[in-house]
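Asker: One file is attached below, query-v5.cif, containing mmCIF, C-alpha atoms.
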```cif
data_final
loop_
_atom_site.label_atom_id
_atom_site.label_comp_id
_atom_site.auth_asym_id
_atom_site.auth_seq_id
_atom_site.Cartn_x
_atom_site.Cartn_y
_atom_site.Cartn_z
CA MET A 272 80.65 111.77 79.35
CA PRO A 273 83.97 110.72 77.78
CA ASP A 274 84.79 107.06 78.14
CA ARG A 275 88.36 107.49 79.27
CA ASP A 276 88.18 104.46 81.58
CA ALA A 277 90.45 106.31 83.98
CA GLU A 278 92.41 103.75 85.93
CA THR A 279 91.75 103.67 89.63
CA ARG A 280 94.78 102.85 91.73
CA LYS A 281 94.34 99.23 92.82
CA ASP A 282 96.03 97.42 95.68
CA ASP A 283 95.79 94.11 97.44
CA LEU A 284 94.44 95.97 100.43
CA ARG A 285 95.60 93.30 102.82
CA THR A 286 97.53 90.03 102.98
CA GLY A 287 96.71 87.50 105.66
CA THR A 288 93.60 87.49 107.84
CA PRO A 289 92.79 90.40 110.15
CA PHE A 290 91.13 89.27 113.36
CA TRP A 291 88.21 91.65 112.83
CA VAL A 292 86.77 89.86 109.79
CA LYS A 293 86.22 86.79 111.96
CA THR A 294 84.03 88.68 114.44
CA PRO A 295 80.21 88.79 114.13
CA HIS A 296 78.36 91.80 112.71
CA SER A 297 81.44 92.92 110.79
CA THR A 298 79.72 93.62 107.46
CA VAL A 299 76.31 94.46 105.99
CA THR A 300 74.37 92.92 103.13
CA ALA A 301 74.74 94.89 99.91
CA GLU A 302 72.46 95.03 96.91
CA ARG A 303 73.89 94.00 93.54
CA GLU A 304 71.84 96.20 91.19
CA ALA A 305 73.53 99.57 90.63
CA GLU A 306 70.56 101.38 89.04
CA ALA A 307 69.12 103.60 91.75
CA GLY A 308 67.91 106.79 90.09
CA HIS A 309 69.20 110.25 90.95
CA VAL A 310 70.21 110.71 94.60
CA ASP A 311 71.52 113.59 96.67
CA VAL A 312 74.97 112.08 97.26
CA ILE A 313 76.90 109.07 95.98
CA VAL A 314 79.53 107.87 98.45
CA VAL A 315 82.23 105.74 96.83
CA GLY A 316 83.75 103.38 99.40
CA ALA A 317 82.09 101.25 102.07
CA GLY A 318 84.89 101.38 104.63
CA ILE A 319 85.14 103.53 107.74
CA SER A 320 85.37 106.89 105.95
CA GLY A 321 82.47 106.05 103.64
CA ALA A 322 80.40 104.77 106.55
CA LEU A 323 80.95 107.92 108.61
CA MET A 324 80.18 110.04 105.55
CA ALA A 325 76.97 108.13 104.83
CA GLU A 326 75.88 108.32 108.47
CA SER A 327 76.41 112.07 108.58
CA LEU A 328 74.61 112.73 105.29
CA SER A 329 71.69 110.43 106.04
CA ARG A 330 71.31 112.01 109.47
CA ALA A 331 70.89 115.33 107.66
CA GLY A 332 68.05 113.81 105.64
CA ARG A 333 69.91 113.36 102.35
CA SER A 334 69.38 110.40 100.03
CA VAL A 335 72.63 108.42 99.82
CA LEU A 336 73.96 105.67 97.55
CA ILE A 337 77.08 103.86 98.79
CA LEU A 338 79.21 102.00 96.23
CA ASP A 339 82.19 99.68 96.61
CA ARG A 340 84.03 97.38 94.24
CA ARG A 341 84.44 94.97 97.15
CA SER A 342 81.97 93.72 99.71
CA PRO A 343 81.21 96.28 102.44
CA VAL A 344 83.88 96.54 105.16
CA ARG A 345 86.22 94.23 103.28
CA GLY A 346 88.77 96.71 101.97
CA SER A 347 91.50 98.32 104.07
CA THR A 348 89.32 99.05 107.12
CA PRO A 349 89.65 95.54 108.65
CA ALA A 350 93.43 95.91 108.41
CA SER A 351 93.29 98.70 110.99
CA THR A 352 94.46 98.07 114.53
CA ALA A 353 91.78 100.64 115.48
CA MET A 354 93.90 102.63 117.90
CA ILE A 355 91.69 105.69 117.67
CA GLN A 356 94.26 108.34 118.52
CA HIS A 357 94.08 112.08 118.84
CA GLU A 358 97.85 112.11 118.35
CA ILE A 359 98.94 112.79 114.76
CA ASP A 360 101.90 110.99 113.18
CA VAL A 361 103.84 114.27 112.99
CA PRO A 362 104.41 115.64 116.53
CA LEU A 363 102.89 119.03 117.30
CA THR A 364 106.31 120.67 117.75
CA GLN A 365 107.44 119.45 114.32
CA LEU A 366 104.16 120.24 112.60
CA GLN A 367 104.24 123.80 113.94
CA LYS A 368 107.59 124.29 112.17
CA GLN A 369 106.39 122.52 109.03
CA ILE A 370 103.06 124.26 108.34
CA GLY A 371 102.99 127.06 110.92
CA PRO A 372 101.61 127.16 114.47
CA LYS A 373 98.08 128.24 113.52
CA LYS A 374 97.36 125.32 111.20
CA ALA A 375 99.30 122.80 113.29
CA ASN A 376 97.45 123.76 116.47
CA ALA A 377 94.12 123.59 114.65
CA ALA A 378 94.90 120.11 113.28
CA TRP A 379 95.84 118.72 116.68
CA LEU A 380 92.88 120.31 118.46
CA ARG A 381 90.48 119.04 115.79
CA SER A 382 91.92 115.55 116.16
CA VAL A 383 91.20 115.61 119.90
CA LYS A 384 87.66 116.75 119.19
CA ALA A 385 87.18 114.02 116.56
CA THR A 386 88.09 111.17 118.89
CA ASN A 387 85.64 112.41 121.50
CA ASP A 388 82.96 113.06 118.88
CA LEU A 389 83.29 109.47 117.65
CA VAL A 390 82.97 107.96 121.12
CA GLU A 391 79.84 110.02 121.71
CA LEU A 392 78.40 109.12 118.28
CA VAL A 393 78.84 105.39 118.93
CA LYS A 394 77.15 105.80 122.29
CA GLU A 395 74.28 107.79 120.75
CA LEU A 396 73.74 105.26 117.94
CA ARG A 397 74.21 102.30 120.30
CA ILE A 398 76.70 100.58 118.01
CA ASP A 399 78.13 97.43 119.60
CA CYS A 400 81.79 97.62 118.56
CA SER A 401 83.76 97.41 121.83
CA MET A 402 84.36 101.16 121.79
CA GLU A 403 86.38 102.09 124.87
CA ARG A 404 88.08 105.29 125.92
CA LYS A 405 91.78 104.71 126.60
CA PRO A 406 94.74 106.98 127.25
CA ALA A 407 97.68 106.84 124.85
CA LEU A 408 101.25 106.26 125.99
CA TYR A 409 103.83 107.72 123.58
CA LEU A 410 107.29 106.27 124.28
CA ALA A 411 110.66 107.90 123.59
CA GLY A 412 112.48 106.31 120.67
CA ASN A 413 115.03 106.98 117.97
CA GLN A 414 112.98 109.92 116.62
CA LEU A 415 112.26 111.77 119.87
CA GLY A 416 114.27 111.53 123.10
CA LYS A 417 113.39 112.81 126.56
CA ARG A 418 114.08 116.50 125.86
CA ALA A 419 112.04 116.44 122.67
CA LEU A 420 109.18 114.64 124.44
CA GLN A 421 109.22 117.16 127.27
CA ALA A 422 109.02 120.00 124.72
CA GLU A 423 106.20 118.15 122.93
CA ALA A 424 104.21 117.74 126.14
CA GLU A 425 104.65 121.43 126.94
CA ALA A 426 103.57 122.47 123.43
CA ARG A 427 100.41 120.38 123.68
CA ALA A 428 99.55 121.71 127.14
CA LYS A 429 100.08 125.29 125.93
CA ILE A 430 97.23 124.95 123.40
CA GLY A 431 94.94 123.09 125.79
CA ILE A 432 95.67 119.43 124.99
CA ALA A 433 96.16 117.29 128.09
CA ALA A 434 99.61 115.68 128.08
CA GLU A 435 101.54 114.35 131.08
CA TYR A 436 105.31 114.02 130.71
CA LEU A 437 106.68 110.88 132.36
CA SER A 438 110.34 110.49 133.32
CA ARG A 439 112.10 107.15 133.10
CA ALA A 440 111.42 106.57 136.80
CA ASP A 441 107.73 107.47 136.37
CA LEU A 442 107.44 105.14 133.40
CA MET A 443 109.07 102.24 135.22
CA GLU A 444 106.95 102.72 138.32
CA ARG A 445 103.59 103.01 136.54
CA PHE A 446 104.07 100.81 133.48
CA GLY A 447 107.20 98.73 134.03
CA ILE A 448 108.64 100.03 130.73
CA ASP A 449 112.31 101.01 130.54
CA ARG A 450 112.50 104.01 128.21
CA GLN A 451 113.98 107.48 128.60
CA ALA A 452 110.57 109.13 128.87
CA ALA A 453 106.99 109.11 127.60
CA ILE A 454 103.88 111.24 127.22
CA LEU A 455 100.59 110.00 128.66
CA SER A 456 97.51 111.54 127.07
CA PRO A 457 93.77 111.01 127.46
CA ASP A 458 91.29 111.51 124.60
CA SER A 459 92.06 108.35 122.65
CA ALA A 460 90.10 105.10 122.32
CA SER A 461 89.96 101.66 120.72
CA ALA A 462 87.23 99.66 119.00
CA ASN A 463 86.51 96.81 116.61
CA PRO A 464 86.86 98.71 113.30
CA ALA A 465 84.78 96.27 111.25
CA GLN A 466 81.88 96.28 113.71
CA LEU A 467 82.10 100.06 114.00
CA THR A 468 81.94 100.47 110.22
CA ALA A 469 79.15 97.94 109.77
CA GLY A 470 77.19 99.61 112.55
CA LEU A 471 77.49 103.03 110.92
CA LEU A 472 76.45 101.62 107.55
CA ALA A 473 73.46 99.91 109.15
CA CYS A 474 72.38 103.20 110.71
CA ALA A 475 72.59 104.95 107.34
CA MET A 476 70.69 102.11 105.69
CA GLY A 477 68.01 102.38 108.34
CA ARG A 478 67.48 105.96 107.16
CA GLY A 479 67.13 104.87 103.53
CA ALA A 480 70.73 104.77 102.29
CA ARG A 481 71.54 101.94 99.87
CA VAL A 482 74.78 99.95 99.63
CA ILE A 483 75.60 98.51 96.20
CA SER A 484 78.46 96.02 95.66
CA PRO A 485 80.40 95.15 93.60
CA VAL A 486 80.52 98.38 91.59
CA GLU A 487 83.72 99.94 90.24
CA ILE A 488 83.79 103.57 89.17
CA THR A 489 85.92 104.17 86.08
CA ASP A 490 85.21 107.81 85.24
CA LEU A 491 83.49 110.89 86.52
CA ALA A 492 82.09 114.14 85.18
CA GLU A 493 80.45 117.23 86.53
CA LEU A 494 77.19 118.31 84.96
CA PRO A 495 75.13 121.50 85.37
CA GLY A 496 73.76 121.07 88.88
CA GLY A 497 75.11 117.57 89.48
CA ILE A 498 77.62 114.80 88.77
CA ALA A 499 77.74 111.56 86.78
CA LEU A 500 79.84 108.47 87.52
CA ALA A 501 80.53 105.74 84.99
CA THR A 502 80.85 102.14 86.19
CA ARG A 503 82.90 99.36 84.68
CA GLN A 504 79.62 97.55 83.99
CA GLY A 505 78.55 100.40 81.71
CA GLU A 506 76.00 102.18 83.90
CA VAL A 507 75.96 105.93 84.49
CA LEU A 508 74.90 107.00 87.99
CA THR A 509 73.91 110.57 88.80
CA ALA A 510 73.68 112.65 91.95
CA ASP A 511 73.96 116.19 93.22
CA HIS A 512 77.35 115.40 94.77
CA ALA A 513 79.88 112.55 94.99
CA VAL A 514 82.32 111.81 97.80
CA PHE A 515 85.23 109.45 97.15
CA CYS A 516 86.11 107.63 100.36
CA THR A 517 88.32 105.01 98.72
CA GLY A 518 91.33 105.30 100.98
CA TYR A 519 94.46 104.44 99.04
CA GLU A 520 92.78 103.54 95.75
CA HIS A 521 91.85 106.66 93.84
CA LEU A 522 91.17 107.93 90.35
CA PRO A 523 93.88 110.02 88.64
CA GLN A 524 91.90 113.21 89.28
CA MET A 525 92.65 112.83 92.99
CA ARG A 526 96.41 112.43 92.80
CA SER A 527 98.47 114.76 94.95
CA PRO A 528 102.26 115.24 95.11
CA SER A 529 102.07 115.28 98.91
CA HIS A 530 100.50 111.80 99.07
CA ARG A 531 102.18 108.40 98.81
CA VAL A 532 101.37 104.79 99.70
CA THR A 533 103.45 102.76 102.17
CA SER A 534 103.15 99.35 103.85
CA THR A 535 102.47 98.15 107.38
CA TRP A 536 102.16 94.82 109.23
CA ALA A 537 100.06 93.70 112.20
CA LEU A 538 99.13 90.76 114.39
CA ALA A 539 96.65 89.65 117.02
CA SER A 540 97.55 87.25 119.81
CA ARG A 541 95.35 84.63 121.36
CA PRO A 542 93.46 85.90 124.46
CA ILE A 543 95.91 86.27 127.37
CA LYS A 544 94.47 86.19 130.90
CA THR A 545 97.59 87.35 132.73
CA LEU A 546 98.06 90.76 131.13
CA PRO A 547 98.97 93.61 133.46
CA ASP A 548 96.11 96.01 134.12
CA TRP A 549 97.82 98.93 132.39
CA MET A 550 98.01 96.99 129.10
CA ARG A 551 94.28 96.40 129.15
CA ALA A 552 93.61 100.09 129.73
CA THR A 553 96.18 101.84 127.51
CA ILE A 554 97.14 102.14 123.85
CA VAL A 555 100.88 102.45 123.24
CA TRP A 556 103.11 103.66 120.42
CA GLU A 557 106.65 104.92 120.14
CA ALA A 558 108.55 107.83 118.63
CA ALA A 559 110.66 105.53 116.51
CA GLU A 560 111.20 104.53 112.91
CA PRO A 561 110.13 101.85 112.27
CA TYR A 562 107.76 102.09 115.20
CA LEU A 563 105.78 99.65 117.30
CA TYR A 564 102.18 100.23 118.36
CA PHE A 565 99.88 97.99 120.37
CA ARG A 566 96.72 97.73 122.43
CA THR A 567 94.42 95.00 123.73
CA ASP A 568 90.80 94.07 123.17
CA ALA A 569 88.18 93.09 125.74
CA SER A 570 89.12 89.40 125.56
CA GLY A 571 92.78 90.06 126.35
CA ARG A 572 94.12 89.76 122.82
CA ILE A 573 97.08 91.99 122.06
CA ILE A 574 96.76 93.73 118.70
CA ALA A 575 100.12 95.09 117.59
CA GLY A 576 101.62 96.51 114.44
CA GLY A 577 104.42 98.46 112.87
CA GLU A 578 107.61 97.77 110.93
CA ASP A 579 106.31 100.14 108.25
CA GLU A 580 108.16 100.41 104.95
CA ASP A 581 108.07 103.28 102.49
CA ALA A 582 106.97 101.02 99.64
CA ALA A 583 103.51 100.45 98.25
CA SER A 584 103.58 96.74 97.46
CA THR A 585 105.97 94.96 99.83
CA ASN A 586 103.02 94.17 102.10
CA SER A 587 101.78 91.57 99.60
CA ASP A 588 104.65 89.13 100.29
CA PRO A 589 103.47 86.30 102.63
CA ALA A 590 107.05 85.41 103.58
CA LYS A 591 107.72 89.00 104.58
CA LEU A 592 104.50 88.97 106.61
CA ALA A 593 105.81 86.03 108.64
CA ARG A 594 109.16 87.75 109.22
CA LYS A 595 107.58 91.06 110.16
CA ALA A 596 105.13 89.40 112.57
CA LYS A 597 108.06 87.74 114.32
CA VAL A 598 109.87 91.07 114.68
CA ILE A 599 106.72 92.79 116.01
CA ALA A 600 106.22 90.02 118.59
CA GLU A 601 109.87 90.29 119.67
CA LYS A 602 109.66 94.06 120.03
CA LEU A 603 106.46 93.71 122.00
CA ARG A 604 108.15 91.27 124.38
CA ASP A 605 111.17 93.59 124.76
CA VAL A 606 108.93 96.55 125.70
CA THR A 607 106.35 94.80 127.89
CA GLY A 608 107.86 91.48 128.95
CA VAL A 609 104.83 89.69 127.49
CA ASP A 610 105.59 86.76 125.16
CA ILE A 611 102.57 86.12 122.93
CA GLY A 612 103.99 82.95 121.36
CA LYS A 613 102.68 82.26 117.87
CA PRO A 614 100.21 84.99 116.80
CA ALA A 615 96.64 83.86 116.24
CA TYR A 616 96.26 86.23 113.27
CA THR A 617 98.72 88.13 111.09
CA TRP A 618 98.06 90.57 108.27
CA SER A 619 99.62 93.35 106.27
CA ALA A 620 98.29 96.22 104.20
CA PRO A 621 99.19 99.38 102.32
CA PHE A 622 98.30 102.70 103.86
CA SER A 623 98.74 106.23 102.64
CA VAL A 624 100.70 109.04 104.17
CA THR A 625 101.25 112.70 103.40
CA LYS A 626 104.31 114.88 103.89
CA ASP A 627 102.76 116.70 106.85
CA GLY A 628 100.88 113.73 108.32
CA LEU A 629 97.50 115.36 107.64
CA PRO A 630 94.77 113.92 105.43
CA ILE A 631 93.41 115.49 102.26
CA ILE A 632 89.77 116.42 102.84
CA ASP A 633 88.53 118.66 100.08
CA THR A 634 86.65 119.21 96.87
CA VAL A 635 88.66 117.66 94.02
CA PRO A 636 90.57 120.37 92.09
CA GLY A 637 88.70 121.38 88.95
CA TYR A 638 85.32 120.31 90.34
CA SER A 639 82.73 121.84 92.64
CA ARG A 640 80.54 118.83 93.49
CA ILE A 641 83.07 115.97 93.67
CA HIS A 642 84.89 115.59 96.98
CA THR A 643 87.46 113.24 98.48
CA ILE A 644 88.78 112.06 101.83
CA MET A 645 92.25 110.44 101.60
CA GLY A 646 95.80 110.29 102.97
CA PHE A 647 95.08 109.08 106.48
CA GLY A 648 98.48 107.97 107.79
CA GLY A 649 98.18 106.20 111.13
CA ASN A 650 94.99 108.05 112.08
CA GLY A 651 92.48 106.65 109.60
CA ILE A 652 89.48 106.48 111.89
CA THR A 653 90.09 109.83 113.57
CA PHE A 654 90.69 111.60 110.26
CA SER A 655 87.61 109.92 108.76
CA VAL A 656 85.51 111.58 111.46
CA ILE A 657 86.97 114.96 110.53
CA GLY A 658 86.47 114.20 106.85
CA ALA A 659 82.80 113.39 107.27
CA GLN A 660 82.26 116.59 109.24
CA ILE A 661 84.06 118.85 106.75
CA ILE A 662 82.54 117.36 103.58
CA ALA A 663 79.03 117.23 105.06
CA ALA A 664 79.38 120.94 105.81
CA LYS A 665 80.57 121.65 102.25
CA ILE A 666 77.60 119.81 100.77
CA ALA A 667 75.28 121.75 103.06
CA GLY A 668 76.83 125.02 101.88
CA ARG A 669 78.56 125.73 105.16
CA THR A 670 82.22 126.50 105.81
CA ASP A 671 83.97 124.31 108.37
CA PRO A 672 86.44 126.39 110.44
CA ASP A 673 89.25 123.90 109.78
CA GLU A 674 88.67 123.08 106.11
CA ALA A 675 91.76 125.00 104.96
CA VAL A 676 93.95 122.89 107.27
CA PHE A 677 93.13 119.72 105.34
CA ALA A 678 92.84 121.13 101.80
CA PHE A 679 94.50 119.66 98.69
CA ARG A 680 98.21 120.42 98.58
#
```
Go ahead and render the structure in this file as structure tokens.

Answerer:
Amino acid sequence: MPDRDAETRKDDLRTGTPFWVKTPHSTVTAEREAEAGHVDVIVVGAGISGALMAESLSRAGRSVLILDRRSPVRGSTPASTAMIQHEIDVPLTQLQKQIGPKKANAAWLRSVKATNDLVELVKELRIDCSMERKPALYLAGNQLGKRALQAEAEARAKIGIAAEYLSRADLMERFGIDRQAAILSPDSASANPAQLTAGLLACAMGRGARVISPVEITDLAELPGGIALATRQGEVLTADHAVFCTGYEHLPQMRSPSHRVTSTWALASRPIKTLPDWMRATIVWEAAEPYLYFRTDASGRIIAGGEDEDAASTNSDPAKLARKAKVIAEKLRDVTGVDIGKPAYTWSAPFSVTKDGLPIIDTVPGYSRIHTIMGFGGNGITFSVIGAQIIAAKIAGRTDPDEAVFAFR
């Protein structure tokens, strides 16, 4: 295998301290020795997408080796606010125009299915991660006004996705929020993303999967009937297949013109006992740019984020983190009337987006046994579920009905 030492994209995956890393059972113990012999599948990345991939493959009886250059569940996954939405960043009405109704409808319907599949999987595996079904409230903003939201609700309902249009009066009466309009949708959820990921990894490990860390992959090659990955430490690891679940850090072979990295900021408040009932039961985001999104956890903490910037590295500035957290808290107060005071935790991170808001879930171009899941936008957990389902089917020799929707582009 040529020693090209292909450079993996590297980011400071977060600045500040996400609340989730301070919670119990938010990681698993990794082995340090990379030598493991030939396995069925090597999964690169021990975050949420890698964990879901490993769980799916190990459930099918495959031998799995999970690698990460960081400790498990200590990359970008803990930076998530874990609003597990069926709603995609690009509204259905816009996506239908962008990629055609057939693919757009399939993407939205699959996203609804994925959120429900994940809730059921967590229940089946008995993972303690505060998973809770919650409706999503999508507020009118500077990107979509009341007419556009009404058209969006109608488009969703037409293809079988539940969506209730709320007028300004409805919104004020039920939520006390003064906006032109909103869409209220079921089929979303929230969870502790670190505990969810650690729980999935633990399930895979219980079936024989191994987690090795720290290991950095520097090159890859496809062999007759298998693959080989070179590590920075000089080892060569072999398997029948490899799946790169490395989020926003990828080898050059996985670059795509439709994919770029941006920055986001988030905070968690102290527990607040006087929250209105609707805030405890609902996740909220807005059709605005930059947009605000927020939800609560079981203890009454508000987890909020937004103020995204189309730049890959501005999230690494601690001073900017402080400024952005202040803006997020002010916006939160303006929308809800709740003043959180000084946040208990603040953090920032890069995240990747694509032109159409859909992830890339596919076999890497030029290969037949090396696959990738990347480009999640604001739906990392939901799209990771879809990714694990599609790639597991590919490895099993089956065709997923939606694989063309999320192909390389």

Asker: Output as JSON lines one row per residue of stretch 372-408 of chain A within 12 Å of stretch 623-629 of chain A: the closest atom pair and its distance in Å to one decimal place, counting only C-alpha atoms, sorted by chain and residue number ascending.

Answerer:
```
{"residue": "A:Lys374", "atom": "CA", "partner": "A:Leu629", "partner_atom": "CA", "distance": 10.6}
{"residue": "A:Ala375", "atom": "CA", "partner": "A:Leu629", "partner_atom": "CA", "distance": 9.5}
{"residue": "A:Ala377", "atom": "CA", "partner": "A:Leu629", "partner_atom": "CA", "distance": 11.3}
{"residue": "A:Ala378", "atom": "CA", "partner": "A:Leu629", "partner_atom": "CA", "distance": 7.8}
{"residue": "A:Trp379", "atom": "CA", "partner": "A:Leu629", "partner_atom": "CA", "distance": 9.8}
{"residue": "A:Arg381", "atom": "CA", "partner": "A:Leu629", "partner_atom": "CA", "distance": 11.4}
{"residue": "A:Ser382", "atom": "CA", "partner": "A:Leu629", "partner_atom": "CA", "distance": 10.2}
```

Asker: Can you translate the PyMOL selection byres ((chain A and resi 365) around 12) into the concrete residues it hits in this file, as a PDB file with C-alpha atoms, keeping the file's coordinate frame?

Answerer:
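The resulting selection_36.pdb:
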```pdb
ATOM      1  CA  ILE A 359      98.940 112.790 114.760  1.00  0.00           C
ATOM      2  CA  ASP A 360     101.900 110.990 113.180  1.00  0.00           C
ATOM      3  CA  VAL A 361     103.840 114.270 112.990  1.00  0.00           C
ATOM      4  CA  PRO A 362     104.410 115.640 116.530  1.00  0.00           C
ATOM      5  CA  LEU A 363     102.890 119.030 117.300  1.00  0.00           C
ATOM      6  CA  THR A 364     106.310 120.670 117.750  1.00  0.00           C
ATOM      7  CA  LEU A 366     104.160 120.240 112.600  1.00  0.00           C
ATOM      8  CA  GLN A 367     104.240 123.800 113.940  1.00  0.00           C
ATOM      9  CA  LYS A 368     107.590 124.290 112.170  1.00  0.00           C
ATOM     10  CA  GLN A 369     106.390 122.520 109.030  1.00  0.00           C
ATOM     11  CA  ILE A 370     103.060 124.260 108.340  1.00  0.00           C
ATOM     12  CA  GLY A 371     102.990 127.060 110.920  1.00  0.00           C
ATOM     13  CA  PRO A 372     101.610 127.160 114.470  1.00  0.00           C
ATOM     14  CA  ALA A 375      99.300 122.800 113.290  1.00  0.00           C
ATOM     15  CA  ASN A 376      97.450 123.760 116.470  1.00  0.00           C
ATOM     16  CA  TRP A 379      95.840 118.720 116.680  1.00  0.00           C
ATOM     17  CA  GLN A 414     112.980 109.920 116.620  1.00  0.00           C
ATOM     18  CA  LEU A 415     112.260 111.770 119.870  1.00  0.00           C
ATOM     19  CA  ALA A 419     112.040 116.440 122.670  1.00  0.00           C
ATOM     20  CA  LEU A 420     109.180 114.640 124.440  1.00  0.00           C
ATOM     21  CA  ALA A 422     109.020 120.000 124.720  1.00  0.00           C
ATOM     22  CA  GLU A 423     106.200 118.150 122.930  1.00  0.00           C
ATOM     23  CA  ALA A 426     103.570 122.470 123.430  1.00  0.00           C
ATOM     24  CA  ARG A 427     100.410 120.380 123.680  1.00  0.00           C
ATOM     25  CA  LYS A 626     104.310 114.880 103.890  1.00  0.00           C
ATOM     26  CA  ASP A 627     102.760 116.700 106.850  1.00  0.00           C
ATOM     27  CA  GLY A 628     100.880 113.730 108.320  1.00  0.00           C
TER      28      GLY A 628
END
```

Asker: Give me, please, the distance in Å between atom CA of A:Lys613 and atom CA of A:His296, quoted to one decimal.

Answerer: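 Taking atom CA of A:Lys613 as the start and atom CA of A:His296 as the end point, the length is 26.6 Å.
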
Asker: Determine, counting all atoms listed in the file, which protein, DNA and RNA residues have an atom within 9 Å of an atom of A:Val393; residues of the same chain fewer than 5 positions away are not included. Present the result as a PyMOL selection string.

Answerer: chain A and resi 388+398-400+402+467+470-471

Asker: To one decimal in Å, tell me the separation between atom CA of A:Ala492 and atom CA of A:Thr634.

Answerer: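 Computed distance, atom CA of A:Ala492 to atom CA of A:Thr634, equals 13.5 Å.
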
Asker: Taking the file as I've supplied it (selection: the PyMOL selection byres ((chain A and resi 450) around 12)), which residues are included? Please answer as a ChimeraX atom specification.

Answerer: /A:408-413,415-417,420,437-444,446-449,451-454,557-559,605-607

Asker: Can you pull out the residues contacting A:Met324? Cut-off 8 Å, using only C-alpha atoms, and skip same-chain residues under 4 positions away; I want them as a PyMOL selection string.

Answerer: chain A and resi 314+320+328+658-660+662-663

Asker: Please compute the atom CA of A:Lys544-atom CA of A:Gly571 distance, one decimal, in Å.

Answerer: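 Interatomic distance, atom CA of A:Lys544 to atom CA of A:Gly571: 6.2 Å.
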
Asker: How close does each residue of stretch 473-543 of chain A get to stretch 587-591 of chain A, giving the shortest atom pair and distance in Å to one decimal for every residue with an atom at most 12 Å away, counting all atoms listed in the file, sorted by chain and residue number, as CSV?

Answerer:
```
residue,atom,partner,partner_atom,distance
A:Thr533,CA,A:Ser587,CA,11.6
A:Ser534,CA,A:Ser587,CA,9.0
A:Thr535,CA,A:Ser587,CA,10.2
A:Trp536,CA,A:Lys591,CA,9.3
A:Ala537,CA,A:Lys591,CA,11.8
```

Asker: Would you mind exporting the chosen residues as a CSV table (one decimal), in the coordinates of the input, restricted to C-alpha atoms?

Answerer:
```
chain,number,residue,atom,x,y,z
A,533,THR,CA,103.4,102.8,102.2
A,534,SER,CA,103.2,99.4,103.8
A,535,THR,CA,102.5,98.2,107.4
A,536,TRP,CA,102.2,94.8,109.2
A,537,ALA,CA,100.1,93.7,112.2
```

Asker: So what does the PyMOL selection byres ((chain A and resi 468) around 8) actually pick up in this one, as number ranges by chain?

Answerer: A: 297-298, 318-319, 322-323, 344, 464-467, 469-472

Asker: Can you find the residues with an atom no farther than 12 Å from (96.6, 114.6, 91.3), counting only C-alpha atoms, and report them as a list in words?

Answerer: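 Those within range, by chain then number, are Arg280, His521, Leu522, Pro523, Gln524, Met525, Arg526, Ser527, Pro528, Ser529, His530, Arg531, Ile631, Val635, Pro636, Gly637, Thr643, Met645, Phe679 and Arg680 of chain A.
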
Asker: Can you spit out the residues from that selection as a PDB file, keeping the file's coordinate frame, using C-alpha atoms?

Answerer:
```pdb
ATOM      1  CA  ARG A 280      94.780 102.850  91.730  1.00  0.00           C
ATOM      2  CA  HIS A 521      91.850 106.660  93.840  1.00  0.00           C
ATOM      3  CA  LEU A 522      91.170 107.930  90.350  1.00  0.00           C
ATOM      4  CA  PRO A 523      93.880 110.020  88.640  1.00  0.00           C
ATOM      5  CA  GLN A 524      91.900 113.210  89.280  1.00  0.00           C
ATOM      6  CA  MET A 525      92.650 112.830  92.990  1.00  0.00           C
ATOM      7  CA  ARG A 526      96.410 112.430  92.800  1.00  0.00           C
ATOM      8  CA  SER A 527      98.470 114.760  94.950  1.00  0.00           C
ATOM      9  CA  PRO A 528     102.260 115.240  95.110  1.00  0.00           C
ATOM     10  CA  SER A 529     102.070 115.280  98.910  1.00  0.00           C
ATOM     11  CA  HIS A 530     100.500 111.800  99.070  1.00  0.00           C
ATOM     12  CA  ARG A 531     102.180 108.400  98.810  1.00  0.00           C
ATOM     13  CA  ILE A 631      93.410 115.490 102.260  1.00  0.00           C
ATOM     14  CA  VAL A 635      88.660 117.660  94.020  1.00  0.00           C
ATOM     15  CA  PRO A 636      90.570 120.370  92.090  1.00  0.00           C
ATOM     16  CA  GLY A 637      88.700 121.380  88.950  1.00  0.00           C
ATOM     17  CA  THR A 643      87.460 113.240  98.480  1.00  0.00           C
ATOM     18  CA  MET A 645      92.250 110.440 101.600  1.00  0.00           C
ATOM     19  CA  PHE A 679      94.500 119.660  98.690  1.00  0.00           C
ATOM     20  CA  ARG A 680      98.210 120.420  98.580  1.00  0.00           C
TER      21      ARG A 680
END
```

Asker: Using all atoms listed in the file, which of the listed residues (A:Arg330, A:Arg341, A:Arg445, A:Lys602) sits closest to A:Arg478?

Answerer: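 The closest residue to A:Arg478 is A:Arg330.
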
Asker: Using only C-alpha atoms, can you tell me which of A:Ser401, A:Asn387, A:Ser329, A:Thr502 comes closest to A:Ser461?

Answerer: A:Ser401

Asker: Against stretch 615-621 of chain A, which residues of stretch 345-431 of chain A fall within 9 Å? For each one I want the closest pair of atoms and the distance in Å (one decimal), counting all atoms listed in the file, rows by chain and increasing residue number, as a Markdown table.

Answerer:
```
| residue | atom | partner | partner_atom | distance |
| --- | --- | --- | --- | --- |
| A:Ser347 | CA | A:Ala620 | CA | 7.1 |
| A:Ala350 | CA | A:Ala620 | CA | 6.4 |
| A:Ser351 | CA | A:Ala620 | CA | 8.8 |
```

Asker: Choose the residue, out of A:Ser484, A:Asn586, A:Thr653, A:Ser456, that has the smallest atom-to-atom separation from A:Val390; count only C-alpha atoms.

Answerer: A:Thr653
